[in-house]
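For reference, my_file_8.csv is printed below; it contains CSV, C-alpha atoms and all ligand atoms.
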chain,number,residue,atom,x,y,z
K,256,MET,CA,50.8,-49.5,-11.3
K,257,ARG,CA,50.3,-48.1,-14.8
K,258,ILE,CA,48.4,-50.0,-17.4
K,259,LEU,CA,48.2,-49.1,-21.1
K,260,VAL,CA,45.0,-50.1,-22.8
K,261,ILE,CA,45.2,-50.2,-26.6
K,262,GLU,CA,41.6,-50.5,-27.7
K,263,ASP,CA,39.7,-48.7,-30.6
K,264,GLU,CA,36.1,-49.4,-29.5
K,265,ALA,CA,35.1,-46.3,-27.5
K,266,LYS,CA,32.6,-48.2,-25.3
K,267,VAL,CA,35.1,-51.0,-24.3
K,268,ALA,CA,37.9,-48.5,-23.8
K,269,LYS,CA,35.8,-46.4,-21.5
K,270,ALA,CA,34.6,-49.4,-19.5
K,271,LEU,CA,38.2,-50.6,-19.1
K,272,LYS,CA,39.4,-47.2,-18.0
K,273,GLU,CA,36.7,-46.7,-15.4
K,274,GLY,CA,36.8,-50.3,-14.1
K,275,LEU,CA,40.6,-50.3,-13.8
K,276,ALA,CA,40.7,-46.8,-12.2
K,277,ALA,CA,38.1,-48.0,-9.7
K,278,ALA,CA,40.5,-50.9,-8.9
K,279,HIS,CA,43.2,-48.2,-8.3
K,280,TYR,CA,45.2,-48.7,-11.4
K,281,GLU,CA,46.5,-45.7,-13.4
K,282,VAL,CA,45.2,-46.2,-16.9
K,283,VAL,CA,46.3,-44.7,-20.2
K,284,VAL,CA,44.2,-45.4,-23.3
K,285,ALA,CA,45.4,-45.5,-26.9
K,286,ARG,CA,42.7,-45.6,-29.5
K,287,THR,CA,44.9,-46.8,-32.4
K,288,GLY,CA,47.8,-49.2,-32.8
K,289,GLU,CA,50.1,-46.4,-33.9
K,290,GLU,CA,49.3,-44.4,-30.8
K,291,GLY,CA,49.8,-47.4,-28.6
K,292,PHE,CA,53.1,-48.2,-30.2
K,293,PHE,CA,54.3,-44.6,-29.7
K,294,LEU,CA,53.2,-44.7,-26.0
K,295,VAL,CA,54.9,-48.0,-25.2
K,296,ASN,CA,58.2,-46.5,-26.6
K,297,ALA,CA,57.8,-43.2,-24.8
K,298,GLU,CA,56.6,-44.2,-21.4
K,299,THR,CA,56.8,-47.0,-18.8
K,300,PHE,CA,53.9,-49.3,-18.1
K,301,ASP,CA,53.5,-52.3,-15.8
K,302,LEU,CA,51.1,-54.0,-18.1
K,303,LEU,CA,49.6,-53.7,-21.6
K,304,ILE,CA,46.1,-54.7,-22.5
K,305,LEU,CA,45.9,-55.1,-26.2
K,306,ASP,CA,43.0,-55.4,-28.6
K,307,LEU,CA,43.7,-57.4,-31.7
K,308,MET,CA,41.4,-55.8,-34.3
K,309,LEU,CA,42.7,-52.2,-34.5
K,310,PRO,CA,42.6,-49.7,-37.3
K,311,GLY,CA,46.0,-49.3,-39.0
K,312,ARG,CA,48.4,-51.7,-37.4
K,313,ASP,CA,47.0,-55.0,-36.2
K,314,GLY,CA,47.5,-55.9,-32.5
K,315,LEU,CA,49.5,-59.0,-33.2
K,316,GLU,CA,51.9,-57.1,-35.6
K,317,ILE,CA,52.4,-54.5,-32.9
K,318,LEU,CA,53.1,-57.1,-30.3
K,319,ALA,CA,55.5,-59.0,-32.4
K,320,THR,CA,57.5,-55.8,-33.2
K,321,LEU,CA,57.6,-54.8,-29.5
K,322,ARG,CA,58.8,-58.2,-28.4
K,323,LYS,CA,61.5,-58.2,-31.1
K,324,ARG,CA,62.7,-54.9,-29.7
K,325,GLY,CA,63.0,-56.5,-26.3
K,326,LEU,CA,59.9,-55.2,-24.5
K,327,GLN,CA,59.5,-57.3,-21.3
K,328,THR,CA,56.2,-55.8,-20.1
K,329,PRO,CA,53.4,-58.4,-19.6
K,330,VAL,CA,50.8,-58.2,-22.4
K,331,LEU,CA,47.2,-59.4,-22.0
K,332,ILE,CA,45.4,-59.8,-25.3
K,333,LEU,CA,41.7,-58.9,-25.3
K,334,THR,CA,39.8,-59.9,-28.3
K,335,ALA,CA,36.6,-61.1,-29.9
K,336,ARG,CA,38.5,-63.8,-31.9
K,337,ASP,CA,38.3,-67.0,-30.0
K,338,THR,CA,39.4,-69.9,-32.2
K,339,VAL,CA,42.2,-72.1,-31.0
K,340,ALA,CA,44.3,-70.9,-33.9
K,341,ASP,CA,43.8,-67.3,-32.9
K,342,ARG,CA,44.9,-68.0,-29.3
K,343,VAL,CA,47.9,-69.9,-30.4
K,344,ARG,CA,48.9,-67.1,-32.8
K,345,GLY,CA,48.5,-64.5,-30.0
K,346,LEU,CA,50.6,-66.4,-27.5
K,347,ASP,CA,53.2,-67.1,-30.2
K,348,SER,CA,53.4,-63.4,-30.9
K,349,GLY,CA,54.5,-62.8,-27.3
K,350,ALA,CA,51.3,-62.4,-25.3
K,351,ASP,CA,51.3,-63.6,-21.7
K,352,ASP,CA,47.6,-64.2,-21.5
K,353,TYR,CA,44.5,-64.1,-23.6
K,354,LEU,CA,40.9,-63.1,-22.6
K,355,VAL,CA,38.0,-63.3,-25.0
K,356,LYS,CA,35.3,-60.7,-25.2
K,357,PRO,CA,32.8,-60.4,-23.6
K,358,PHE,CA,34.7,-61.1,-20.4
K,359,ALA,CA,33.8,-60.8,-16.7
K,360,PHE,CA,35.7,-57.9,-15.1
K,361,PRO,CA,36.7,-59.8,-11.9
K,362,GLU,CA,38.4,-62.3,-14.1
K,363,LEU,CA,40.3,-59.6,-16.0
K,364,LEU,CA,41.4,-58.1,-12.6
K,365,ALA,CA,42.5,-61.6,-11.4
K,366,ARG,CA,44.6,-62.1,-14.5
K,367,ILE,CA,46.2,-58.7,-14.2
K,368,ARG,CA,47.2,-59.4,-10.7
K,369,THR,CA,48.8,-62.8,-11.7
K,370,LEU,CA,50.7,-61.2,-14.6
K,371,ILE,CA,52.0,-58.3,-12.5
K,372,ARG,CA,53.1,-60.7,-9.7
K,373,ARG,CA,54.8,-63.0,-12.1
K,374,ALA,CA,56.6,-60.1,-13.8
K,375,ARG,CA,57.9,-58.5,-10.6
K,376,PRO,CA,58.8,-61.3,-8.2
K,377,ASP,CA,61.4,-59.3,-6.2
K,378,GLN,CA,59.4,-56.2,-5.7
K,379,VAL,CA,57.8,-55.0,-2.5
K,380,LEU,CA,54.2,-55.9,-3.1
K,381,CYS,CA,52.8,-55.1,0.3
K,382,LEU,CA,53.2,-52.1,2.6
K,383,LYS,CA,52.4,-52.3,6.3
K,384,LEU,CA,52.2,-50.2,9.4
K,385,ALA,CA,50.8,-51.7,12.6
K,386,ASP,CA,47.5,-53.4,11.6
K,387,LEU,CA,47.2,-51.3,8.4
K,388,GLU,CA,48.1,-53.2,5.2
K,389,MET,CA,48.2,-52.2,1.6
K,390,ASP,CA,48.4,-54.8,-1.2
K,391,LEU,CA,50.1,-53.1,-4.1
K,392,VAL,CA,49.1,-55.7,-6.6
K,393,ALA,CA,45.5,-56.4,-5.6
K,394,ARG,CA,45.2,-52.6,-5.0
K,395,THR,CA,43.4,-53.2,-1.7
K,396,VAL,CA,43.8,-51.7,1.8
K,397,THR,CA,42.8,-53.3,5.1
K,398,ARG,CA,43.0,-52.4,8.7
K,399,ALA,CA,42.7,-55.0,11.4
K,400,GLY,CA,41.5,-57.3,8.6
K,401,GLN,CA,38.7,-54.9,7.6
K,402,SER,CA,38.6,-53.7,4.0
K,403,ILE,CA,38.9,-50.0,3.5
K,404,GLN,CA,37.5,-48.4,0.3
K,405,LEU,CA,39.6,-45.6,-1.1
K,406,THR,CA,39.4,-43.5,-4.2
K,407,LEU,CA,42.4,-43.7,-6.6
K,408,ARG,CA,43.8,-40.4,-5.2
K,409,GLU,CA,43.4,-41.5,-1.6
K,410,PHE,CA,45.1,-44.8,-2.4
K,411,GLU,CA,48.1,-43.0,-4.0
K,412,LEU,CA,48.2,-40.6,-1.0
K,413,LEU,CA,48.2,-43.5,1.5
K,414,GLU,CA,50.8,-45.4,-0.6
K,415,TYR,CA,53.1,-42.4,-0.5
K,416,LEU,CA,52.6,-41.9,3.3
K,417,LEU,CA,53.2,-45.7,3.9
K,418,ARG,CA,56.4,-45.6,1.8
K,419,HIS,CA,57.6,-42.7,4.0
K,420,GLN,CA,56.2,-43.9,7.3
K,421,GLY,CA,57.9,-42.4,10.3
K,422,HIS,CA,59.0,-39.4,8.3
K,423,ILE,CA,57.3,-36.1,8.1
K,424,VAL,CA,55.8,-35.4,4.6
K,425,SER,CA,55.2,-31.8,3.6
K,426,ARG,CA,52.3,-30.5,1.5
K,427,GLU,CA,54.9,-29.6,-1.2
K,428,MET,CA,56.1,-33.2,-1.3
K,429,LEU,CA,52.5,-34.4,-1.7
K,430,ALA,CA,51.7,-31.9,-4.4
K,431,ARG,CA,54.8,-32.9,-6.3
K,432,GLU,CA,54.8,-36.7,-5.8
K,433,VAL,CA,51.1,-37.6,-5.5
K,434,TRP,CA,49.4,-34.8,-7.5
K,435,LYS,CA,52.4,-34.5,-9.9
K,436,GLU,CA,52.1,-30.7,-9.6
K,437,THR,CA,55.4,-29.1,-10.2
K,438,ALA,CA,54.5,-25.5,-10.6
K,439,ARG,CA,53.1,-23.9,-7.4
K,440,ALA,CA,51.0,-21.5,-9.5
K,441,THR,CA,47.9,-23.2,-8.1
K,442,PRO,CA,48.5,-24.1,-4.5
K,443,LEU,CA,47.0,-27.4,-3.7
K,444,ASP,CA,47.1,-27.0,0.1
K,445,ASN,CA,43.3,-27.0,0.5
K,446,VAL,CA,42.9,-29.9,-1.8
K,447,ILE,CA,45.5,-31.9,0.0
K,448,ASP,CA,44.0,-31.1,3.4
K,449,VAL,CA,40.6,-32.3,2.2
K,450,HIS,CA,42.1,-35.5,1.0
K,451,ILE,CA,44.0,-36.0,4.2
K,452,ALA,CA,40.9,-35.5,6.3
K,453,ARG,CA,39.0,-38.0,4.2
K,454,LEU,CA,41.8,-40.5,4.4
K,455,ARG,CA,42.0,-40.0,8.1
K,456,ARG,CA,38.3,-40.7,8.5
K,457,LYS,CA,38.6,-44.0,6.6
K,458,VAL,CA,41.9,-45.2,8.0
K,459,ASP,CA,41.8,-44.0,11.6
K,460,GLY,CA,38.2,-43.1,12.2
K,461,PRO,CA,36.8,-46.3,13.7
K,462,PHE,CA,40.1,-47.4,15.3
K,463,GLU,CA,41.5,-46.5,18.7
K,464,THR,CA,45.1,-46.2,17.6
K,465,LYS,CA,45.5,-43.2,15.3
K,466,LEU,CA,48.3,-43.5,12.7
K,467,LEU,CA,47.9,-40.4,10.5
K,468,LYS,CA,49.1,-37.3,12.4
K,469,THR,CA,49.3,-33.6,11.5
K,470,VAL,CA,52.6,-31.9,12.3
K,471,ARG,CA,51.5,-28.3,12.7
K,472,GLY,CA,53.1,-26.0,10.2
K,473,VAL,CA,55.1,-28.8,8.6
K,474,GLY,CA,52.9,-31.5,7.2
K,475,PHE,CA,51.9,-35.0,8.1
K,476,VAL,CA,53.3,-38.2,9.4
K,477,LEU,CA,52.1,-41.8,9.3
K,478,ARG,CA,53.3,-43.7,12.4
K,479,GLU,CA,52.3,-45.7,15.4
K,480,GLY,CA,52.7,-43.9,18.7
K,481,ASP,CA,53.3,-40.2,19.4
K,482,ALA,CA,57.1,-40.0,19.4
K,501,CA,CA,38.9,-53.5,-32.0
Written as structure tokens, how would this file's structure read?
Ligand code: CA
Amino acid sequence: MRILVIEDEAKVAKALKEGLAAAHYEVVVARTGEEGFFLVNAETFDLLILDLMLPGRDGLEILATLRKRGLQTPVLILTARDTVADRVRGLDSGADDYLVKPFAFPELLARIRTLIRRARPDQVLCLKLADLEMDLVARTVTRAGQSIQLTLREFELLEYLLRHQGHIVSREMLAREVWKETARATPLDNVIDVHIARLRRKVDGPFETKLLKTVRGVGFVLREGDA
């Protein structure tokens, strides 16, 4: 899940980036309205978090233009303006939700989950293997009902393995699809092995049934049973 944050205040932008990354979202930050506008047109995002008071183009103006051009991505407005008139104007310009600064981070995360679920009703939102479950919207992982804390990279690695469960995944595939490394100039094999080892400790360590297996000389496979 990729989120674009359009926010000019460095402190707020940094807090958002760190908090959302900790919640396993991929975050891109634009510091001006122009930059945000360019990124929305150039790349794909699952959600936009938009500040209203921006240098150059105002947030509402950007939003209205994007909606006029047919942008469907959910937009959450984040702002210090909190009069009823401001809220109404924000929602009228095409925002899906509105959060007033200062806000509580758990509330922001809850609203993000709601917006993403609403925008993608038909999508696979949960991946499962045996008692291992990944909620792709809440960005959480549990095994046998116990929460497992993963870093962003570990989460992406596990997501890839879950999507390919039962199939052998090579280090090349992981380098390309998880690390987005196309050139093999800097082999990532050691980095991948370290991440696999950490992931295995967290996902399999305390459990009797091991799910993440190494296929010697080939790669890895996530599956139940030995076959
Ligand atoms: Ca601002």
Within 10 Å of ligand CA 501 (chain K) (all atoms listed in the file), residues as a PyMOL selection string: chain K and resi 261-265+267-268+286-288+305-310+313-314+333-335
With distances taken over only C-alpha atoms, which of K:Leu271, K:Ala393, K:Val449, K:Leu346 is nearest to Leu318 in chain K?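 Looking at the shortest contact to Leu318 in chain K, the residue is K:Leu346.
Across the structure, CA of Glu409 in chain K and CA of Val330 in chain K are spaced 27.7 Å apart.
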Go through K:Glu432, K:Gln404, K:Glu414, K:Phe475 and flag the residue nearest Arg456 in chain K, using only C-alpha atoms for the distances.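 For Arg456 in chain K, the nearest of the candidates is K:Gln404.
What separates CA of Lys272 in chain K from CA of Val284 in chain K is a distance of 7.4 Å.
Going from CA of Phe462 in chain K to CA of Leu413 in chain K covers 16.5 Å.
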Applying 12 Å and all atoms listed in the file, which residues near Gly480 in chain K remain after dropping the ones on its own chain fewer than 4 positions away? List them as a list in words. Leu384, Ala385, Gln420, Gly421, Glu463, Thr464, Lys465, Leu466, Leu467, Lys468 and Val476 of chain K
For Pro361 in chain K, work out the shell of residues within 12 Å, counting only C-alpha atoms and skipping chain neighbours fewer than 6 positions away, then give it as a ChimeraX atom specification. /K:271,274-275,278,354,367-368,393
For Ile447 in chain K, find every residue with an atom within 8 Å (counting all atoms listed in the file), except residues of its own chain fewer than 5 positions away, and show them as a PyMOL selection string. chain K and resi 426+429-430
From K:Glu388, K:Glu436, K:Asp341, K:Asp301, residue lying nearest Arg375 in chain K [only C-alpha atoms]: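 Closest candidate: K:Asp301.
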Just want the 12 Å neighbourhood of Thr406 in chain K, counted on only C-alpha atoms, with same-chain residues fewer than 5 positions away dropped. Output as a list of chain:residue names.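 Listing them by chain and then by number gives K:Glu273, K:Leu275, K:Ala276, K:Ala277, K:Ala278, K:His279, K:Tyr280, K:Glu281, K:Arg394, K:Thr395, K:Val396, K:Glu411, K:Leu412, K:Leu413, K:His450, K:Arg453, K:Leu454, K:Lys457.
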Determine the nearest neighbour of Leu321 in chain K from the options K:Ser425, K:Ser348, K:Thr469, K:Thr338, counting only C-alpha atoms. K:Ser348
Option closest in space to Arg408 in chain K, from K:Lys356, K:Lys435, K:Arg471, K:Arg478 [counting all atoms listed in the file]: K:Lys435
Just range 404-430 of chain K, please, as a PDB file, in the first residue's frame (only N, CA and C atoms).
ATOM      1  N   GLN K 404       5.508  -8.779  15.267  1.00  0.00           N
ATOM      2  CA  GLN K 404       6.001  -7.454  14.876  1.00  0.00           C
ATOM      3  C   GLN K 404       7.076  -7.603  13.796  1.00  0.00           C
ATOM      4  N   LEU K 405       6.842  -6.985  12.646  1.00  0.00           N
ATOM      5  CA  LEU K 405       7.809  -7.059  11.557  1.00  0.00           C
ATOM      6  C   LEU K 405       8.243  -5.659  11.143  1.00  0.00           C
ATOM      7  N   THR K 406       9.457  -5.572  10.587  1.00  0.00           N
ATOM      8  CA  THR K 406       9.866  -4.309   9.982  1.00  0.00           C
ATOM      9  C   THR K 406       9.165  -4.210   8.624  1.00  0.00           C
ATOM     10  N   LEU K 407       9.235  -3.026   8.015  1.00  0.00           N
ATOM     11  CA  LEU K 407       8.587  -2.856   6.714  1.00  0.00           C
ATOM     12  C   LEU K 407       9.118  -3.873   5.700  1.00  0.00           C
ATOM     13  N   ARG K 408      10.437  -4.043   5.658  1.00  0.00           N
ATOM     14  CA  ARG K 408      11.019  -4.976   4.686  1.00  0.00           C
ATOM     15  C   ARG K 408      10.603  -6.424   4.968  1.00  0.00           C
ATOM     16  N   GLU K 409      10.599  -6.794   6.234  1.00  0.00           N
ATOM     17  CA  GLU K 409      10.166  -8.155   6.596  1.00  0.00           C
ATOM     18  C   GLU K 409       8.711  -8.380   6.200  1.00  0.00           C
ATOM     19  N   PHE K 410       7.904  -7.338   6.385  1.00  0.00           N
ATOM     20  CA  PHE K 410       6.490  -7.430   6.022  1.00  0.00           C
ATOM     21  C   PHE K 410       6.357  -7.659   4.508  1.00  0.00           C
ATOM     22  N   GLU K 411       7.096  -6.873   3.733  1.00  0.00           N
ATOM     23  CA  GLU K 411       7.022  -6.999   2.268  1.00  0.00           C
ATOM     24  C   GLU K 411       7.527  -8.364   1.807  1.00  0.00           C
ATOM     25  N   LEU K 412       8.563  -8.836   2.472  1.00  0.00           N
ATOM     26  CA  LEU K 412       9.125 -10.149   2.149  1.00  0.00           C
ATOM     27  C   LEU K 412       8.101 -11.243   2.437  1.00  0.00           C
ATOM     28  N   LEU K 413       7.477 -11.180   3.589  1.00  0.00           N
ATOM     29  CA  LEU K 413       6.470 -12.183   3.951  1.00  0.00           C
ATOM     30  C   LEU K 413       5.258 -12.098   3.024  1.00  0.00           C
ATOM     31  N   GLU K 414       4.884 -10.866   2.662  1.00  0.00           N
ATOM     32  CA  GLU K 414       3.751 -10.705   1.745  1.00  0.00           C
ATOM     33  C   GLU K 414       4.046 -11.399   0.413  1.00  0.00           C
ATOM     34  N   TYR K 415       5.253 -11.196  -0.083  1.00  0.00           N
ATOM     35  CA  TYR K 415       5.625 -11.825  -1.356  1.00  0.00           C
ATOM     36  C   TYR K 415       5.592 -13.349  -1.242  1.00  0.00           C
ATOM     37  N   LEU K 416       6.158 -13.861  -0.141  1.00  0.00           N
ATOM     38  CA  LEU K 416       6.175 -15.316   0.063  1.00  0.00           C
ATOM     39  C   LEU K 416       4.760 -15.875   0.213  1.00  0.00           C
ATOM     40  N   LEU K 417       3.899 -15.139   0.899  1.00  0.00           N
ATOM     41  CA  LEU K 417       2.509 -15.595   1.075  1.00  0.00           C
ATOM     42  C   LEU K 417       1.758 -15.591  -0.256  1.00  0.00           C
ATOM     43  N   ARG K 418       2.042 -14.576  -1.075  1.00  0.00           N
ATOM     44  CA  ARG K 418       1.370 -14.513  -2.376  1.00  0.00           C
ATOM     45  C   ARG K 418       1.844 -15.644  -3.294  1.00  0.00           C
ATOM     46  N   HIS K 419       3.042 -16.157  -3.026  1.00  0.00           N
ATOM     47  CA  HIS K 419       3.585 -17.240  -3.847  1.00  0.00           C
ATOM     48  C   HIS K 419       3.670 -18.541  -3.055  1.00  0.00           C
ATOM     49  N   GLN K 420       2.845 -18.677  -2.035  1.00  0.00           N
ATOM     50  CA  GLN K 420       2.945 -19.847  -1.154  1.00  0.00           C
ATOM     51  C   GLN K 420       2.815 -21.143  -1.951  1.00  0.00           C
ATOM     52  N   GLY K 421       3.648 -22.120  -1.547  1.00  0.00           N
ATOM     53  CA  GLY K 421       3.657 -23.404  -2.246  1.00  0.00           C
ATOM     54  C   GLY K 421       4.600 -23.406  -3.438  1.00  0.00           C
ATOM     55  N   HIS K 422       5.090 -22.237  -3.830  1.00  0.00           N
ATOM     56  CA  HIS K 422       6.014 -22.141  -4.961  1.00  0.00           C
ATOM     57  C   HIS K 422       7.394 -21.713  -4.473  1.00  0.00           C
ATOM     58  N   ILE K 423       8.418 -22.266  -5.100  1.00  0.00           N
ATOM     59  CA  ILE K 423       9.771 -21.887  -4.708  1.00  0.00           C
ATOM     60  C   ILE K 423      10.081 -20.493  -5.243  1.00  0.00           C
ATOM     61  N   VAL K 424      10.619 -19.679  -4.362  1.00  0.00           N
ATOM     62  CA  VAL K 424      10.956 -18.297  -4.700  1.00  0.00           C
ATOM     63  C   VAL K 424      12.479 -18.173  -4.639  1.00  0.00           C
ATOM     64  N   SER K 425      13.084 -17.691  -5.724  1.00  0.00           N
ATOM     65  CA  SER K 425      14.546 -17.588  -5.754  1.00  0.00           C
ATOM     66  C   SER K 425      15.010 -16.260  -5.164  1.00  0.00           C
ATOM     67  N   ARG K 426      16.304 -16.178  -4.851  1.00  0.00           N
ATOM     68  CA  ARG K 426      16.861 -14.913  -4.347  1.00  0.00           C
ATOM     69  C   ARG K 426      16.760 -13.821  -5.415  1.00  0.00           C
ATOM     70  N   GLU K 427      16.891 -14.207  -6.670  1.00  0.00           N
ATOM     71  CA  GLU K 427      16.736 -13.223  -7.760  1.00  0.00           C
ATOM     72  C   GLU K 427      15.341 -12.616  -7.745  1.00  0.00           C
ATOM     73  N   MET K 428      14.340 -13.474  -7.561  1.00  0.00           N
ATOM     74  CA  MET K 428      12.958 -12.974  -7.536  1.00  0.00           C
ATOM     75  C   MET K 428      12.775 -12.001  -6.376  1.00  0.00           C
ATOM     76  N   LEU K 429      13.335 -12.356  -5.222  1.00  0.00           N
ATOM     77  CA  LEU K 429      13.195 -11.485  -4.045  1.00  0.00           C
ATOM     78  C   LEU K 429      13.927 -10.164  -4.254  1.00  0.00           C
ATOM     79  N   ALA K 430      15.123 -10.237  -4.850  1.00  0.00           N
ATOM     80  CA  ALA K 430      15.896  -9.012  -5.106  1.00  0.00           C
ATOM     81  C   ALA K 430      15.110  -8.084  -6.025  1.00  0.00           C
TER      82      ALA K 430
END
